[in-house]
Amino acid sequence: MVDITAQEIERCAPLDGVRTASRTSGSRIGFEDVSVAYGGLTVLKSLTLTVHPGEIVALIGPSGSGKTTALRVVAGFVRPSSGRIMIGDRDVTDLAPYDRQIGMVVQNYALFPHMRVEDNVAFGLQAQGAPRDVIRQRVPECLAMVGMSAYGKRYPRELSGGQQQRVAIARALAPKPQVLLLDEPLSALDTQIRRAMIDEIAKLHHDLPDLTVLYVTHDQTEALTLANHIGIMRDGEMQAFGEAQALFRHPPTRFAAEFLGRANLLSVGGLTAAGPGEARVRFGGAELLARNPHNLPEGRDCLLCVRPHHMRFAGEGAVANALTGVVQSVQWQGDVHNITLTAEGESLRMTCVPMAVPPALGDQLRVCFDPSEVTLVPEDAPRG
Amino acid sequence: MLAGSRAWRLAVWAVVLPLFAVLYGLPIAVIVLASLARTWNGALPGEFTLLHYAEAFRSDSLDALVTSLMTGAIASTAALACGTWAALALRRRVRLPARLLEAVFFVPSAVPSVSVGLGLLVAFSQPPFLLNGTRAIVLIAHFVLVFAFTFGNVTAGLARVPAECEQIAESLGARPFYRLRRVTLPLLTPYLIAAFSLSFALSMGELGATIMVYPPGWVTMPVRIFALSDRGAIFDAATLTTILGVATLIVLTVLSRVSSRAMLR
Ligand SMILES: Nc1ncnc2c1ncn2[C@@H]1O[C@H](COP(=O)(O)OP(=O)(O)O)[C@@H](O)[C@H]1O
Ligand SMILES: [Mg+2]
């Protein structure tokens with residue numbers, strides 16, 4: 001990957017007659033109560049969401065939850081059945097896709113197979129009528145930005161998946177769009193290349209700090225690594241939205257806790273307040289202390305969210321939040337040990353640094369967790 | 001098991017190959033041999049000669065070849081242009097009318113082409129549509145007969161152009177016509193060439209409608225071949241048939257070359 005600083009990118013010639021809006025401020029993406037229906041079926045339900053200028057928001061959720069639909073409605077490929085779409089201060093709801101000035105990258109790259117890499121990258125500028133010398137300057141710049149300078153003369157079929165995706169990103173960024181839409185851009189790549197590409201996208205955004213990005217994925221690593229804010233989608237609805245770390249630490253719903261980071265969720269009862277933002281709950285015979293960021297009321301049955309990596313072995317002495325469980329399985333995964341326990345009839349997963357002598361199946365194990373690292377989560381309302 | 005399937009495959013080939021050799025090879029061989037025969041009384045021609053070919057290239061049979069090539073090229077080009085336009089216009093429209101229209105286009109191919117010729121003859125025999133005795137009516141007949149195949153081929157090809165490529169083009173700022181010119185049509189090229197090839201081949205061999213409508217100055221190869229064989233000039237008819245076949249083959253080979261080059265990109 002060739003290093004290009006933000007200044008270098010800013011230095012490149014302005015696109016006369018192409019994009020009049022200044023690149024310095026960035027544009028927001030706004031969904032205002034947007035619903036989308038296919039036939040009679042509503043697949044996006046009253047989505048309201050703002051992606052602030054220069055921010056990356058990830059939409060994460062299982063397949064079929066409406067993530068792609070949300071992107072396509074911003075791009076203009078589907079019309080919302082109600083609601084408005086804003087890009088910057090423009091209401092683009094009634095604009096054709098070619099008037100929206102967005103960059104888009106999709107899962108299978110969709111490079112133009114009959115054009116060389118450089119022509120793919122030049123396409124947007126040409127379509128928008130940029131002067132020839134601007135194109136000649138901008139195309140190598142964009143190829144350099146994604147480390148593909150050496151491949152300009154190739155055809156897409158002569159590139160690997162990762163390389164094709166870089167070209168797709170360069171193509172989307174060449175006309176200097178204010179907003180970039182990414183639809184599972186890495187899910188067709190194998191794990192190793194995907195990791196590298198996450199880093200590169202992060203770096204790219206660091207170099208283009210004004211670019212507003214809506215990033216759709218079903219991969220939590222991508223979302224947590226790249227996004228400032230994360231929206232969790234389910235059945236066409238946004239179940240949860242929040243700052244990435246906060247959402248991970250204090251998931252507001254069972255679904256959010258399970259989908260983002262595969263948390264252990266223990267059914268607990270008898271909630272009583274204990275200090276500011278904390279509460280005491282009962283789990284079988286044990287009394288546990290946890291954070292209560294959602295201010296669940298006293299007496300409420302709820303869930304205790306414990307991340308597998310927050311569980312520790314408890315010594316003999318008296319410690320807070322200690323549980324005793326029976327070892328059900330032990331898995332060594334190289335850099336970690338995964339252990340499954342059952343306690344009070346519920347299954348608990350913990351990950352810990354590899355041990356020379358791991359616990360054996362059937363062993364009694366005493367574990368504990370820090371009250372500041374566990375969170376009470378309301379049971380989801382029954383789904384109709 | 002593998003050996004069994006291998007033996008089975010060989011057995012299938014052993015049946016299919018001779019069958020094809022007989023079905024395709026025999027008639028072609030007979031025609032080619034006849035075009036080279038001075039006399040033919042026994043199982044094989046008695047004496048070989050190139051006289052028929054010399055004759056063909058001296059007489060106005062050559063004109064017939066040019067007439068056929070021009071008719072095929074013009075009618076197929078027109079059908080390609082209209083078929084592509086129609087396929088693009090009907091794309092992503094409500095399914096039923098498009099299907100219905102497609103069926104209507106195919107009707108001329110389903111009835112005897114003589115009837116199509118007759119229909120055209122009657123329809124265009126009165127002012128303001130007085131076309132009888134013109135070259136245009138031959139071209140129209142060919143157009144009507146090949147259009148359905150062109151339209152069908154282009155529609156099938158259009159369905160295989162990745163919608164995502166077109167949408168990305170649009171999001172990059174390409175207006176509909178620009179997108180059509182730089183993305184849709186280039187991706188469609190192999191299908192356009194296939195459509196053109198098929199309609200050209202059909203047009204080269206068209207007899208039934210042509211014979212009903214052709215004017216004296218616009219005699220196509222099939223009409224000439226029919227006239228020759230009607231007169232009993234079998235060897236000359238065979239010669240023209242061979243020339244027609246080879247000419248068509250050359251055109252189709254060139255087209256398929258162009259197509260595979262377009263495919264590669
Ligand atoms: N063109 C379409 N026609 C009908 N239904 C569609 C269409 N596209 C998507 N859907 C439906 O909308 C729902 C959401 O799809 P999508 O937004 O692609 O989900 P995701 O990207 O989260 O996997 C799915 O149930 C899908 O079947
Ligand atoms: Mg999707």
# chains A, B, ... in the order shown; residues from 1 in each chain; ligands from 1
call {"tool": "residues_around", "arguments": {"residues": "region 30-42 of chain B", "least_positions_apart": "4", "cutoff": "7 Å", "atoms": "only C-alpha atoms", "output": "ChimeraX atom specification"}}
result
/B:26,46-50,52,235-236,238-239,242
call {"tool": "residues_near_ligand", "arguments": {"ligand": "ligand 2", "cutoff": "8 Å", "atoms": "only C-alpha atoms and all ligand atoms", "output": "list in words"}}
result
Ser63, Gly64, Gly66, Lys67, Thr68, Thr69, Asp183, Glu184, Val216 and Thr217 of chain A
call {"tool": "interface_residues", "arguments": {"of": "chain B", "to": "chain A", "cutoff": "10 Å", "atoms": "only C-alpha atoms", "output": "PyMOL selection string"}}
result
chain B and resi 162-176+178-179+182-184+186-187+262-265
call {"tool": "residues_around", "arguments": {"residues": "Thr155 (chain B)", "least_positions_apart": "3", "cutoff": "9 Å", "atoms": "only C-alpha atoms", "output": "list in words"}}
result
Gly83, Thr84, Ala86, Ala87, Leu88, Leu90, Arg91, Thr150, Phe151, Gly152, Leu158, Ala159 and Arg160 of chain B
call {"tool": "closest_residue", "arguments": {"among": "A:Ala37, A:Ile60, A:Ile29, A:Ala130", "to": "Val74 (chain A)", "atoms": "only C-alpha atoms"}}
result
A:Ile29
call {"tool": "closest_residue", "arguments": {"among": "A:Val306, A:Leu180, A:Ala257, A:Ala170", "to": "Ser372 (chain A)", "atoms": "only C-alpha atoms"}}
result
A:Val306
call {"tool": "closest_residue", "arguments": {"among": "B:Ile250, B:Ile74, B:Leu69, B:Val107", "to": "Gly205 (chain B)", "atoms": "only C-alpha atoms"}}
result
B:Leu69
call {"tool": "closest_residue", "arguments": {"among": "A:Leu341, A:Val134, A:Val336, A:Ala144", "to": "Ala356 (chain A)", "atoms": "only C-alpha atoms"}}
result
A:Val336
call {"tool": "select_by_dssp", "arguments": {"residues": "region 160-304 of chain A", "states": "strand (DSSP E or B)", "output": "JSON, numbers by chain"}}
result
{"A": [179, 180, 181, 182, 183, 212, 213, 214, 215, 216, 217, 229, 230, 231, 232, 233, 234, 237, 238, 239, 240, 241, 242, 243, 264, 265, 266, 267, 268, 269, 270, 271, 272, 273, 278, 279, 280, 281, 282, 283, 286, 287, 288, 289, 290, 291, 302, 303, 304]}
call {"tool": "residues_around", "arguments": {"residues": "Ile193 (chain B)", "least_positions_apart": "5", "cutoff": "12 Å", "atoms": "only C-alpha atoms", "output": "ChimeraX atom specification"}}
result
/B:76-77,80-81,84,150,153-154,157,185-188,198-200,251-263
call {"tool": "atom_distance", "arguments": {"atom1": "CA of Leu289 (chain A)", "atom2": "CA of Arg349 (chain A)"}}
result
19.1 Å
call {"tool": "atom_distance", "arguments": {"atom1": "CA of Ala318 (chain A)", "atom2": "CA of Val367 (chain A)"}}
result
11.6 Å
call {"tool": "decode", "arguments": {"residues": "region 218-254 of chain B", "atoms": "C-alpha atoms", "output": "compact mmCIF listing (two decimals), in the first residue's frame"}}
result
# COMPACT_ATOMS: atom_id res chain seq x y z
CA TRP B 218 -33.51 -9.02 -57.07
CA VAL B 219 -33.11 -12.79 -57.32
CA THR B 220 -31.63 -14.41 -54.25
CA MET B 221 -29.57 -17.60 -54.26
CA PRO B 222 -32.34 -19.85 -52.92
CA VAL B 223 -34.75 -18.57 -55.59
CA ARG B 224 -32.16 -19.22 -58.27
CA ILE B 225 -31.36 -22.67 -56.89
CA PHE B 226 -35.04 -23.50 -56.85
CA ALA B 227 -35.43 -22.32 -60.44
CA LEU B 228 -32.45 -24.37 -61.59
CA SER B 229 -33.55 -27.56 -59.93
CA ASP B 230 -37.08 -26.97 -61.21
CA ARG B 231 -35.62 -26.97 -64.69
CA GLY B 232 -33.70 -30.14 -63.97
CA ALA B 233 -30.31 -28.46 -63.85
CA ILE B 234 -29.42 -30.47 -60.78
CA PHE B 235 -25.65 -30.09 -61.03
CA ASP B 236 -25.88 -26.32 -61.34
CA ALA B 237 -28.31 -26.16 -58.43
CA ALA B 238 -25.86 -28.20 -56.35
CA THR B 239 -23.03 -25.87 -57.32
CA LEU B 240 -24.93 -22.77 -56.22
CA THR B 241 -25.95 -24.53 -53.01
CA THR B 242 -22.35 -25.28 -52.24
CA ILE B 243 -21.33 -21.68 -52.97
CA LEU B 244 -24.17 -20.37 -50.78
CA GLY B 245 -23.19 -22.72 -47.95
CA VAL B 246 -19.53 -21.76 -48.12
CA ALA B 247 -20.30 -18.04 -48.28
CA THR B 248 -22.59 -18.28 -45.25
CA LEU B 249 -20.00 -20.33 -43.39
CA ILE B 250 -17.32 -17.71 -44.06
CA VAL B 251 -19.52 -14.89 -42.77
CA LEU B 252 -20.53 -16.84 -39.65
CA THR B 253 -16.92 -17.80 -38.94
CA VAL B 254 -15.79 -14.20 -39.11
